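Data file: upload17.tsv. Format and content: TSV, C-alpha atoms and all ligand atoms.
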chain	number	residue	atom	x	y	z
A	16	MET	CA	101.81	113.52	121.91
A	17	ALA	CA	104.75	112.17	119.94
A	18	GLY	CA	106.36	115.59	119.37
A	19	THR	CA	106.46	117.87	116.39
A	20	LEU	CA	106.13	116.62	112.83
A	21	LYS	CA	107.16	119.99	111.33
A	22	GLY	CA	109.17	119.62	108.16
A	23	ARG	CA	108.58	115.87	107.86
A	24	HIS	CA	107.76	114.12	104.60
A	25	LEU	CA	104.99	111.50	104.39
A	26	LEU	CA	106.24	108.93	101.88
A	27	LYS	CA	105.07	105.75	103.66
A	28	LEU	CA	103.66	104.93	107.11
A	29	LEU	CA	106.69	102.74	107.84
A	30	ASP	CA	108.55	106.01	108.53
A	31	PHE	CA	106.09	107.04	111.27
A	32	SER	CA	105.80	105.73	114.82
A	33	PRO	CA	102.48	104.49	116.22
A	34	ALA	CA	102.35	107.59	118.45
A	35	GLU	CA	102.87	109.88	115.44
A	36	ILE	CA	100.13	108.12	113.48
A	37	GLY	CA	97.89	108.37	116.55
A	38	ASP	CA	98.57	112.12	116.76
A	39	LEU	CA	97.70	112.61	113.08
A	40	LEU	CA	94.42	110.71	113.55
A	41	GLU	CA	93.55	112.72	116.62
A	42	LEU	CA	94.30	115.99	114.81
A	43	ALA	CA	92.20	114.80	111.85
A	44	GLY	CA	89.29	114.12	114.21
A	45	THR	CA	89.58	117.64	115.65
A	46	LEU	CA	89.81	119.24	112.20
A	47	LYS	CA	86.76	117.24	111.10
A	48	ALA	CA	84.72	118.37	114.10
A	49	ASN	CA	85.83	121.96	113.53
A	50	LYS	CA	84.85	121.85	109.89
A	51	ARG	CA	81.44	120.40	110.80
A	52	ALA	CA	81.04	123.36	113.17
A	53	GLY	CA	81.93	125.76	110.34
A	54	VAL	CA	85.40	126.52	111.72
A	55	THR	CA	88.45	126.31	109.44
A	56	GLY	CA	92.01	127.36	110.16
A	57	LYS	CA	94.68	129.65	108.80
A	58	THR	CA	97.71	127.42	109.27
A	59	LEU	CA	98.57	127.48	105.55
A	60	ALA	CA	97.87	131.20	105.02
A	61	GLY	CA	100.40	132.64	102.57
A	62	LYS	CA	101.62	129.16	101.65
A	63	ASN	CA	101.62	127.59	98.20
A	64	ILE	CA	101.20	123.85	97.75
A	65	ALA	CA	102.10	121.98	94.54
A	66	LEU	CA	99.94	118.99	93.57
A	67	ILE	CA	101.75	116.82	91.01
A	68	PHE	CA	99.67	114.09	89.35
A	69	GLU	CA	101.13	111.57	86.88
A	70	LYS	CA	98.06	109.35	87.36
A	71	PRO	CA	94.39	110.37	87.50
A	72	SER	CA	92.65	111.05	90.80
A	73	THR	CA	89.28	112.16	92.14
A	74	ARG	CA	89.56	111.88	95.92
A	75	THR	CA	93.23	112.63	96.50
A	76	ARG	CA	93.28	115.67	94.26
A	77	ALA	CA	89.99	116.99	95.66
A	78	ALA	CA	91.02	116.31	99.27
A	79	PHE	CA	94.40	118.07	98.96
A	80	THR	CA	92.78	121.02	97.16
A	81	VAL	CA	89.95	121.48	99.68
A	82	ALA	CA	92.26	120.96	102.64
A	83	VAL	CA	94.74	123.60	101.43
A	84	VAL	CA	91.97	126.13	100.74
A	85	ASP	CA	90.29	125.40	104.10
A	86	GLU	CA	93.58	126.28	105.82
A	87	GLY	CA	94.02	129.52	103.85
A	88	GLY	CA	96.68	128.32	101.39
A	89	HIS	CA	96.92	128.19	97.61
A	90	PRO	CA	96.93	124.79	95.82
A	91	GLU	CA	98.43	124.51	92.33
A	92	TYR	CA	97.57	121.43	90.24
A	93	LEU	CA	100.45	120.28	88.01
A	94	GLY	CA	99.23	117.46	85.74
A	95	LYS	CA	101.48	115.11	83.85
A	96	ASN	CA	101.11	117.03	80.59
A	97	ASP	CA	101.59	120.43	82.24
A	98	ILE	CA	105.13	120.11	83.51
A	99	GLN	CA	108.50	118.86	82.26
A	100	LEU	CA	108.96	116.24	85.00
A	101	GLY	CA	110.70	113.14	83.67
A	102	LYS	CA	110.41	114.20	80.03
A	103	LYS	CA	112.65	117.26	79.67
A	104	GLU	CA	113.75	117.68	83.26
A	105	THR	CA	115.03	115.33	85.94
A	106	VAL	CA	113.06	114.70	89.09
A	107	ALA	CA	115.90	116.19	91.17
A	108	ASP	CA	115.88	119.44	89.15
A	109	THR	CA	112.08	119.68	89.31
A	110	ALA	CA	112.25	119.14	93.08
A	111	ARG	CA	114.81	121.92	93.55
A	112	VAL	CA	112.80	124.37	91.41
A	113	LEU	CA	109.45	123.64	93.02
A	114	GLY	CA	111.05	123.65	96.47
A	115	ARG	CA	112.11	127.29	95.89
A	116	MET	CA	108.54	128.30	95.04
A	117	PHE	CA	106.25	126.06	97.07
A	118	ASP	CA	105.92	125.29	100.77
A	119	GLY	CA	104.87	121.67	100.27
A	120	ILE	CA	104.59	119.19	97.41
A	121	GLU	CA	102.12	116.35	96.90
A	122	PHE	CA	103.09	113.69	94.35
A	123	ARG	CA	100.95	110.92	92.81
A	124	GLY	CA	102.57	108.68	90.24
A	125	PHE	CA	104.07	105.40	89.23
A	126	SER	CA	107.55	104.83	90.68
A	127	HIS	CA	108.01	105.23	94.43
A	128	GLU	CA	111.58	106.27	93.64
A	129	THR	CA	110.20	109.50	92.14
A	130	VAL	CA	108.58	110.64	95.38
A	131	GLU	CA	111.72	109.63	97.32
A	132	THR	CA	113.84	111.76	94.98
A	133	LEU	CA	111.46	114.71	95.26
A	134	ALA	CA	111.74	114.46	99.05
A	135	ARG	CA	115.53	114.24	98.90
A	136	TYR	CA	115.91	117.42	96.85
A	137	ALA	CA	112.88	119.67	97.48
A	138	GLY	CA	113.80	121.14	100.87
A	139	VAL	CA	110.07	121.32	101.74
A	140	PRO	CA	107.68	118.59	102.97
A	141	VAL	CA	106.71	116.07	100.28
A	142	TRP	CA	103.55	113.96	100.63
A	143	ASN	CA	102.89	110.73	98.76
A	144	GLY	CA	99.44	110.83	97.15
A	145	LEU	CA	99.90	107.21	95.86
A	146	THR	CA	102.69	105.40	94.08
A	147	ASP	CA	102.79	101.87	92.70
A	148	THR	CA	104.18	100.83	96.10
A	149	TRP	CA	102.41	102.85	98.84
A	150	HIS	CA	99.26	104.91	99.51
A	151	PRO	CA	99.81	106.29	103.03
A	152	THR	CA	97.25	109.11	103.09
A	153	GLN	CA	94.53	106.60	102.17
A	154	VAL	CA	95.39	104.43	105.17
A	155	LEU	CA	95.11	107.40	107.53
A	156	ALA	CA	91.55	107.95	106.25
A	157	ASP	CA	90.83	104.23	106.60
A	158	LEU	CA	92.07	104.15	110.19
A	159	LEU	CA	90.03	107.23	111.08
A	160	THR	CA	86.94	105.52	109.63
A	161	VAL	CA	87.60	102.32	111.61
A	162	THR	CA	88.09	104.25	114.83
A	163	GLU	CA	84.89	106.23	114.25
A	164	ALA	CA	83.03	102.91	113.98
A	165	PHE	CA	84.71	100.92	116.78
A	166	GLY	CA	86.82	103.21	119.00
A	167	PRO	CA	90.52	102.59	119.80
A	168	LEU	CA	92.26	100.63	117.03
A	169	ARG	CA	94.33	98.24	119.11
A	170	GLY	CA	93.02	94.67	118.79
A	171	LEU	CA	90.49	95.43	116.03
A	172	ALA	CA	90.57	93.02	113.08
A	173	LEU	CA	90.73	94.21	109.48
A	174	ALA	CA	90.68	91.78	106.55
A	175	PHE	CA	91.94	93.04	103.20
A	176	VAL	CA	90.52	90.72	100.52
A	177	GLY	CA	91.81	90.92	96.95
A	178	ASP	CA	95.11	91.81	95.28
A	179	GLY	CA	97.33	91.21	98.31
A	180	ARG	CA	100.45	92.62	96.70
A	181	ASN	CA	99.19	96.04	95.68
A	182	ASN	CA	99.86	99.46	97.20
A	183	MET	CA	96.74	99.29	99.40
A	184	ALA	CA	97.39	95.80	100.77
A	185	HIS	CA	100.98	96.66	101.67
A	186	SER	CA	100.07	100.05	103.14
A	187	LEU	CA	97.23	98.63	105.24
A	188	MET	CA	99.37	95.74	106.44
A	189	ILE	CA	101.99	98.17	107.78
A	190	GLY	CA	99.52	100.82	109.03
A	191	CYS	CA	97.35	98.31	110.91
A	192	ALA	CA	100.38	96.52	112.38
A	193	LYS	CA	101.70	99.88	113.65
A	194	MET	CA	98.39	100.50	115.41
A	195	GLY	CA	98.34	97.08	117.12
A	196	MET	CA	95.54	95.72	114.95
A	197	ASP	CA	94.86	92.17	113.80
A	198	VAL	CA	95.40	92.54	110.04
A	199	ARG	CA	94.66	89.76	107.60
A	200	ILE	CA	95.63	89.75	103.91
A	201	VAL	CA	93.31	87.36	102.12
A	202	ALA	CA	94.41	86.56	98.57
A	203	PRO	CA	95.25	83.68	96.25
A	204	ALA	CA	98.87	82.50	96.64
A	205	GLU	CA	99.87	84.21	93.36
A	206	LEU	CA	98.92	87.58	94.84
A	207	HIS	CA	100.32	87.34	98.34
A	208	PRO	CA	102.18	90.37	99.72
A	209	ASN	CA	105.92	90.87	99.43
A	210	PRO	CA	107.39	88.35	101.95
A	211	ALA	CA	109.99	90.83	103.23
A	212	LEU	CA	107.24	93.33	104.03
A	213	VAL	CA	105.20	90.63	105.75
A	214	GLU	CA	108.24	90.00	107.97
A	215	THR	CA	108.57	93.73	108.65
A	216	ALA	CA	104.86	93.96	109.51
A	217	ARG	CA	105.18	90.94	111.84
A	218	SER	CA	108.09	92.45	113.70
A	219	ILE	CA	106.15	95.71	114.10
A	220	ALA	CA	103.13	93.73	115.33
A	221	ALA	CA	105.31	91.94	117.88
A	222	GLU	CA	106.04	95.37	119.40
A	223	THR	CA	102.55	96.82	119.20
A	224	GLY	CA	100.49	93.77	120.23
A	225	GLY	CA	99.11	93.42	116.72
A	226	ARG	CA	98.86	90.34	114.49
A	227	VAL	CA	99.56	89.77	110.80
A	228	THR	CA	98.00	86.87	108.88
A	229	VAL	CA	98.43	86.09	105.20
A	230	THR	CA	96.04	83.44	103.89
A	231	ASP	CA	94.25	82.24	100.79
A	232	SER	CA	91.34	81.04	102.95
A	233	ILE	CA	88.41	83.44	103.02
A	234	GLN	CA	86.97	81.66	106.04
A	235	GLU	CA	90.21	82.03	108.02
A	236	GLY	CA	90.72	85.61	106.86
A	237	VAL	CA	87.34	87.15	107.53
A	238	THR	CA	86.06	85.28	110.60
A	239	GLY	CA	85.84	87.78	113.44
A	240	ALA	CA	86.83	90.76	111.25
A	241	HIS	CA	85.50	94.17	112.29
A	242	ALA	CA	86.25	95.56	108.83
A	243	VAL	CA	86.39	93.89	105.42
A	244	TYR	CA	88.37	95.96	102.91
A	245	THR	CA	88.84	95.54	99.20
A	246	ASP	CA	90.32	97.43	96.25
A	247	VAL	CA	90.18	97.06	92.47
A	248	TRP	CA	91.76	93.87	91.13
A	249	ALA	CA	94.02	95.72	88.67
A	250	SER	CA	95.60	98.96	89.83
A	251	MET	CA	96.34	102.01	87.68
A	252	GLY	CA	98.96	100.99	85.12
A	253	GLU	CA	97.96	97.28	85.27
A	254	GLU	CA	95.03	97.44	82.85
A	255	ALA	CA	96.56	94.72	80.61
A	256	LYS	CA	96.33	92.30	83.53
A	257	ILE	CA	92.55	92.62	83.98
A	258	PRO	CA	91.57	89.23	82.43
A	259	GLU	CA	94.21	87.35	84.43
A	260	ARG	CA	93.19	89.10	87.67
A	261	ILE	CA	89.51	88.35	87.11
A	262	ALA	CA	90.39	84.65	86.79
A	263	LEU	CA	92.44	84.71	90.01
A	264	LEU	CA	90.23	86.94	92.12
A	265	LYS	CA	86.66	85.99	91.20
A	266	PRO	CA	86.34	83.75	94.29
A	267	TYR	CA	87.50	86.70	96.45
A	268	LYS	CA	84.73	89.11	95.47
A	269	VAL	CA	83.23	90.68	98.59
A	270	THR	CA	79.69	89.35	98.99
A	271	ARG	CA	76.91	89.45	101.58
A	272	LYS	CA	77.93	85.88	102.45
A	273	MET	CA	81.48	87.08	103.14
A	274	MET	CA	80.23	89.94	105.34
A	275	GLU	CA	78.07	87.45	107.27
A	276	MET	CA	81.07	85.12	107.61
A	277	THR	CA	82.70	87.76	109.85
A	278	GLY	CA	80.21	86.68	112.51
A	279	ARG	CA	79.76	90.33	113.49
A	280	ARG	CA	76.51	92.09	112.73
A	281	GLU	CA	78.31	95.42	113.16
A	282	ALA	CA	81.13	94.57	110.70
A	283	ILE	CA	81.86	97.35	108.22
A	284	PHE	CA	82.87	97.33	104.56
A	285	LEU	CA	85.66	99.65	103.39
A	286	HIS	CA	87.08	100.46	99.94
A	287	CYS	CA	89.56	103.15	98.96
A	288	LEU	CA	87.52	103.77	95.74
A	289	PRO	CA	87.11	104.01	92.82
A	290	SER	CA	85.16	100.73	92.80
A	291	PHE	CA	83.52	98.40	90.32
A	292	HIS	CA	80.34	97.39	92.12
A	293	ASN	CA	77.91	97.52	89.19
A	294	LEU	CA	78.10	97.55	85.41
A	295	GLU	CA	77.62	101.29	84.93
A	296	THR	CA	81.20	102.24	84.08
A	297	GLU	CA	82.92	101.86	80.72
A	298	THR	CA	85.46	99.38	82.08
A	299	ALA	CA	82.81	97.24	83.79
A	300	GLN	CA	80.85	97.08	80.56
A	301	LYS	CA	83.94	95.80	78.79
A	302	TYR	CA	84.74	93.32	81.59
A	303	PRO	CA	81.42	92.43	83.30
A	304	GLU	CA	83.17	90.10	85.78
A	305	ILE	CA	85.48	92.82	87.08
A	306	CYS	CA	83.35	93.76	90.13
A	307	GLU	CA	85.39	93.23	93.30
A	308	VAL	CA	82.32	93.78	95.52
A	309	GLU	CA	78.61	93.07	95.17
A	310	ASP	CA	76.44	96.11	94.77
A	311	GLU	CA	74.39	94.82	97.70
A	312	VAL	CA	77.39	95.19	100.02
A	313	PHE	CA	78.64	98.47	98.55
A	314	GLU	CA	75.20	100.04	98.94
A	315	GLY	CA	74.26	98.05	102.05
A	316	ARG	CA	74.28	98.62	105.80
A	317	TRP	CA	77.92	97.50	106.12
A	318	SER	CA	79.31	100.17	103.82
A	319	ARG	CA	81.28	103.12	105.21
A	320	VAL	CA	82.92	103.97	101.89
A	321	PHE	CA	81.68	107.54	101.64
A	322	ASP	CA	82.65	108.37	105.24
A	323	GLU	CA	86.03	106.95	104.30
A	324	ALA	CA	86.20	109.13	101.17
A	325	GLU	CA	85.26	112.22	103.20
A	326	ASN	CA	87.91	111.33	105.74
A	327	ARG	CA	90.55	111.75	103.04
A	328	VAL	CA	90.18	115.51	103.37
A	329	HIS	CA	90.41	115.60	107.17
A	330	THR	CA	93.41	113.28	107.37
A	331	ILE	CA	95.28	114.94	104.49
A	332	LYS	CA	94.60	118.29	106.16
A	333	ALA	CA	96.04	116.92	109.40
A	334	VAL	CA	99.20	115.81	107.57
A	335	MET	CA	99.71	119.24	105.98
A	336	VAL	CA	98.87	121.18	109.15
A	337	ALA	CA	101.27	119.03	111.20
A	338	THR	CA	104.17	119.05	108.73
A	339	ALA	CA	103.86	122.41	106.94
A	340	GLY	CA	101.37	124.51	108.95
A	341	ARG	CA	102.14	127.51	111.12
B	1	LIG	N1	91.29	106.47	96.87
B	1	LIG	C1	91.92	107.28	96.02
B	1	LIG	O1	93.11	107.54	96.11
B	1	LIG	O2	91.10	107.82	95.05
B	1	LIG	P1	91.58	108.69	93.82
B	1	LIG	O3	92.35	107.77	92.90
B	1	LIG	O4	90.29	109.18	93.20
B	1	LIG	O5	92.44	109.81	94.32
B	2	LIG	N1	95.36	100.07	94.08
B	2	LIG	C1	94.67	101.18	93.45
B	2	LIG	C2	94.34	102.23	94.47
B	2	LIG	C3	93.55	103.39	93.94
B	2	LIG	C4	93.24	104.41	94.99
B	2	LIG	C5	95.55	101.77	92.35
B	2	LIG	O1	96.75	101.94	92.58
B	2	LIG	O2	95.04	102.05	91.27
Translate the structure described by the file into structure tokens.
Ligand code: CP
Ligand code: NVA
Amino acid sequence: MAGTLKGRHLLKLLDFSPAEIGDLLELAGTLKANKRAGVTGKTLAGKNIALIFEKPSTRTRAAFTVAVVDEGGHPEYLGKNDIQLGKKETVADTARVLGRMFDGIEFRGFSHETVETLARYAGVPVWNGLTDTWHPTQVLADLLTVTEAFGPLRGLALAFVGDGRNNMAHSLMIGCAKMGMDVRIVAPAELHPNPALVETARSIAAETGGRVTVTDSIQEGVTGAHAVYTDVWASMGEEAKIPERIALLKPYKVTRKMMEMTGRREAIFLHCLPSFHNLETETAQKYPEICEVEDEVFEGRWSRVFDEAENRVHTIKAVMVATAGR
């Protein structure tokens, strides 16, 4: 046990030690088993939790809501058109007001600076439900899913294939390095991760026994991988870049051939979702080449994407119980 996390914010995994991340994953596993057995807690009884969303969400909103209710608390959804944030009121003022009324605040939005400012002024724990820069609660769910498939994380290889400079690539690179994993970011040179963050991840890996590789070679990146991970090619707010991203990332689409290239029959496929894996959505009909993964992989034996989605609730619950629970 790394010690108490009471009162802590979760803005990015860089701020947490490997032992703290390990504790959160262990707690998430316990909470998951309890929930399966029909047992939920009361650690948030009498507590009110604000859920601020500037961007849309299915999983993160649902996971925070269910997790708060499971623990006996009250979640309040505050959408971008419901509150004054940024339009008529500063982030610092909003933080001080909500901090007087709520016992914890989740924020999803564009600028990472916004969630940092909320944390600075709120006086209660603030949790990042995704910004343009980081998506830490997603990585906790991803790590739980990997450990459920393969056991202890240290030494396991995860290849992120796609937009190597987005919030997921950066968050996974740091999260996996912290846990002593062999993390590979596989992307065309134009979409390689922020070099300063790669350096940070490498210095973390030097301490934890992990490894960080950035490559444009699919062969180099996925050979030996236990998990192949991808995300959409254009993140929320980047819709205008879709044609350019399709041109860059088409060769990096996750295919059966890529899964077989891992050389591991037991290799798993992960995706934070939402995903374009067929042409059934409005956007995919407009851009038929947008699919970052073949339907055969998404629906195939490799895929753990719905375990991963379910794990959002258990890991988010662990974060709230540990930082704001009784
Ligand atoms: N993975 C994820 O964050 O999904 P939502 O955008 O639906 O919350
Ligand atoms: N990179 C994606 C992640 C969605 C969960 C986005 O920011 O839109």
| request: Pick out the residues sitting within 9 Å of Arg260 (chain A), and hand them over as a PyMOL selection string; count only C-alpha atoms, and ignore anything fewer than 2 positions along from it in its own chain. | output: chain A and resi 178+248-249+256-258+262-265+305
Could you produce a table of the residues of chain A lying within 8 Å of ligand LIG 1 (chain B), with the nearest pair of atoms per residue and their separation in Å rounded to one decimal, using only C-alpha atoms and all ligand atoms, ordered by chain and increasing residue number, as a tab-separated table?
residue	atom	partner	partner_atom	distance
A:Pro71	CA	B:LIG1	O3	6.3
A:Ser72	CA	B:LIG1	O5	3.7
A:Thr73	CA	B:LIG1	O4	3.3
A:Arg74	CA	B:LIG1	O5	3.9
A:Thr75	CA	B:LIG1	O5	3.7
A:Arg76	CA	B:LIG1	O5	5.9
A:Ala77	CA	B:LIG1	O5	7.7
A:Gly144	CA	B:LIG1	O1	7.2
A:Leu145	CA	B:LIG1	O1	6.8
A:His150	CA	B:LIG1	O1	7.5
A:Gln153	CA	B:LIG1	N1	6.2
A:His286	CA	B:LIG1	N1	8.0
A:Cys287	CA	B:LIG1	N1	4.3
A:Leu288	CA	B:LIG1	N1	4.8
A:Pro289	CA	B:LIG1	O2	6.0
A:Ala324	CA	B:LIG1	N1	7.2
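We find CA of Glu295 (chain A) and CA of Arg123 (chain A) to be spaced 26.4 Å apart.
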| said: Under the rule that all atoms listed in the file are counted, which of A:Gly22, A:Gly114, A:Gly166, A:Gly179 is the nearest residue to ligand LIG 2 (chain B)? | reply: A:Gly179
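Compared by their closest atoms to Ser250 (chain A), and using only C-alpha atoms, the residues A:Met183, A:Ala202, A:Ile189, A:Met196 rank with A:Met183 nearest.
Shortest separation to ligand LIG 2 (chain B) among A:Asp30, A:Glu275, A:Asp157, A:Glu104 occurs at residue A:Asp157, atoms counted being only C-alpha atoms and all ligand atoms.
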Please complete region 127-137 of chain A so it has all heavy atoms, and hand it over as a PDB file, in the coordinates of the input.
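Heads up, here's the output in selection-v7.pdb:
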ATOM      1  N   HIS A 127     107.819 104.662  93.083  1.00  0.00           N
ATOM      2  CA  HIS A 127     108.010 105.230  94.430  1.00  0.00           C
ATOM      3  C   HIS A 127     109.323 106.012  94.516  1.00  0.00           C
ATOM      4  O   HIS A 127     109.443 106.981  95.282  1.00  0.00           O
ATOM      5  CB  HIS A 127     107.969 104.128  95.492  1.00  0.00           C
ATOM      6  CG  HIS A 127     107.906 104.680  96.872  1.00  0.00           C
ATOM      7  ND1 HIS A 127     106.771 105.286  97.381  1.00  0.00           N
ATOM      8  CD2 HIS A 127     108.844 104.772  97.832  1.00  0.00           C
ATOM      9  CE1 HIS A 127     107.030 105.719  98.596  1.00  0.00           C
ATOM     10  NE2 HIS A 127     108.270 105.421  98.898  1.00  0.00           N
ATOM     11  N   GLU A 128     110.286 105.595  93.705  1.00  0.00           N
ATOM     12  CA  GLU A 128     111.580 106.270  93.640  1.00  0.00           C
ATOM     13  C   GLU A 128     111.406 107.766  93.321  1.00  0.00           C
ATOM     14  O   GLU A 128     112.150 108.611  93.827  1.00  0.00           O
ATOM     15  CB  GLU A 128     112.406 105.561  92.540  1.00  0.00           C
ATOM     16  CG  GLU A 128     113.815 106.070  92.306  1.00  0.00           C
ATOM     17  CD  GLU A 128     114.697 105.885  93.513  1.00  0.00           C
ATOM     18  OE1 GLU A 128     114.472 104.935  94.286  1.00  0.00           O
ATOM     19  OE2 GLU A 128     115.615 106.727  93.679  1.00  0.00           O
ATOM     20  N   THR A 129     110.415 108.091  92.511  1.00  0.00           N
ATOM     21  CA  THR A 129     110.200 109.500  92.140  1.00  0.00           C
ATOM     22  C   THR A 129     109.869 110.338  93.375  1.00  0.00           C
ATOM     23  O   THR A 129     110.442 111.414  93.581  1.00  0.00           O
ATOM     24  CB  THR A 129     109.069 109.627  91.088  1.00  0.00           C
ATOM     25  OG1 THR A 129     109.364 108.773  89.995  1.00  0.00           O
ATOM     26  CG2 THR A 129     108.921 111.057  90.595  1.00  0.00           C
ATOM     27  N   VAL A 130     108.960 109.835  94.209  1.00  0.00           N
ATOM     28  CA  VAL A 130     108.580 110.640  95.380  1.00  0.00           C
ATOM     29  C   VAL A 130     109.732 110.692  96.397  1.00  0.00           C
ATOM     30  O   VAL A 130     109.942 111.711  97.074  1.00  0.00           O
ATOM     31  CB  VAL A 130     107.239 110.130  95.996  1.00  0.00           C
ATOM     32  CG1 VAL A 130     107.403 108.894  96.846  1.00  0.00           C
ATOM     33  CG2 VAL A 130     106.553 111.224  96.782  1.00  0.00           C
ATOM     34  N   GLU A 131     110.530 109.617  96.438  1.00  0.00           N
ATOM     35  CA  GLU A 131     111.720 109.630  97.320  1.00  0.00           C
ATOM     36  C   GLU A 131     112.717 110.699  96.835  1.00  0.00           C
ATOM     37  O   GLU A 131     113.311 111.424  97.647  1.00  0.00           O
ATOM     38  CB  GLU A 131     112.419 108.258  97.309  1.00  0.00           C
ATOM     39  CG  GLU A 131     111.580 107.092  97.829  1.00  0.00           C
ATOM     40  CD  GLU A 131     111.732 106.866  99.329  1.00  0.00           C
ATOM     41  OE1 GLU A 131     112.482 107.620  99.969  1.00  0.00           O
ATOM     42  OE2 GLU A 131     111.074 105.940  99.851  1.00  0.00           O
ATOM     43  N   THR A 132     112.888 110.772  95.532  1.00  0.00           N
ATOM     44  CA  THR A 132     113.840 111.760  94.980  1.00  0.00           C
ATOM     45  C   THR A 132     113.316 113.179  95.197  1.00  0.00           C
ATOM     46  O   THR A 132     114.081 114.083  95.571  1.00  0.00           O
ATOM     47  CB  THR A 132     114.076 111.482  93.479  1.00  0.00           C
ATOM     48  OG1 THR A 132     114.462 110.120  93.337  1.00  0.00           O
ATOM     49  CG2 THR A 132     115.156 112.382  92.904  1.00  0.00           C
ATOM     50  N   LEU A 133     112.024 113.378  94.989  1.00  0.00           N
ATOM     51  CA  LEU A 133     111.460 114.710  95.260  1.00  0.00           C
ATOM     52  C   LEU A 133     111.759 115.102  96.702  1.00  0.00           C
ATOM     53  O   LEU A 133     112.184 116.228  96.985  1.00  0.00           O
ATOM     54  CB  LEU A 133     109.943 114.704  95.039  1.00  0.00           C
ATOM     55  CG  LEU A 133     109.425 114.736  93.597  1.00  0.00           C
ATOM     56  CD1 LEU A 133     107.909 114.523  93.578  1.00  0.00           C
ATOM     57  CD2 LEU A 133     109.764 116.068  92.913  1.00  0.00           C
ATOM     58  N   ALA A 134     111.537 114.166  97.622  1.00  0.00           N
ATOM     59  CA  ALA A 134     111.740 114.460  99.050  1.00  0.00           C
ATOM     60  C   ALA A 134     113.211 114.770  99.335  1.00  0.00           C
ATOM     61  O   ALA A 134     113.535 115.652 100.144  1.00  0.00           O
ATOM     62  CB  ALA A 134     111.263 113.282  99.893  1.00  0.00           C
ATOM     63  N   ARG A 135     114.096 114.045  98.657  1.00  0.00           N
ATOM     64  CA  ARG A 135     115.530 114.240  98.900  1.00  0.00           C
ATOM     65  C   ARG A 135     115.979 115.646  98.489  1.00  0.00           C
ATOM     66  O   ARG A 135     116.811 116.260  99.118  1.00  0.00           O
ATOM     67  CB  ARG A 135     116.331 113.174  98.157  1.00  0.00           C
ATOM     68  CG  ARG A 135     117.747 112.988  98.637  1.00  0.00           C
ATOM     69  CD  ARG A 135     118.419 111.745  98.035  1.00  0.00           C
ATOM     70  NE  ARG A 135     117.539 110.598  97.984  1.00  0.00           N
ATOM     71  CZ  ARG A 135     117.285 109.891  96.868  1.00  0.00           C
ATOM     72  NH1 ARG A 135     117.873 110.196  95.728  1.00  0.00           N
ATOM     73  NH2 ARG A 135     116.471 108.866  96.908  1.00  0.00           N
ATOM     74  N   TYR A 136     115.400 116.170  97.426  1.00  0.00           N
ATOM     75  CA  TYR A 136     115.910 117.420  96.850  1.00  0.00           C
ATOM     76  C   TYR A 136     115.055 118.660  97.093  1.00  0.00           C
ATOM     77  O   TYR A 136     115.524 119.771  96.871  1.00  0.00           O
ATOM     78  CB  TYR A 136     116.107 117.251  95.333  1.00  0.00           C
ATOM     79  CG  TYR A 136     117.284 116.375  94.994  1.00  0.00           C
ATOM     80  CD1 TYR A 136     117.106 115.019  94.731  1.00  0.00           C
ATOM     81  CD2 TYR A 136     118.583 116.891  94.963  1.00  0.00           C
ATOM     82  CE1 TYR A 136     118.191 114.197  94.437  1.00  0.00           C
ATOM     83  CE2 TYR A 136     119.665 116.085  94.673  1.00  0.00           C
ATOM     84  CZ  TYR A 136     119.459 114.735  94.410  1.00  0.00           C
ATOM     85  OH  TYR A 136     120.537 113.936  94.124  1.00  0.00           O
ATOM     86  N   ALA A 137     113.779 118.505  97.495  1.00  0.00           N
ATOM     87  CA  ALA A 137     112.880 119.670  97.480  1.00  0.00           C
ATOM     88  C   ALA A 137     113.169 120.683  98.588  1.00  0.00           C
ATOM     89  O   ALA A 137     112.960 121.885  98.403  1.00  0.00           O
ATOM     90  CB  ALA A 137     111.434 119.213  97.564  1.00  0.00           C
TER      91      ALA A 137
END
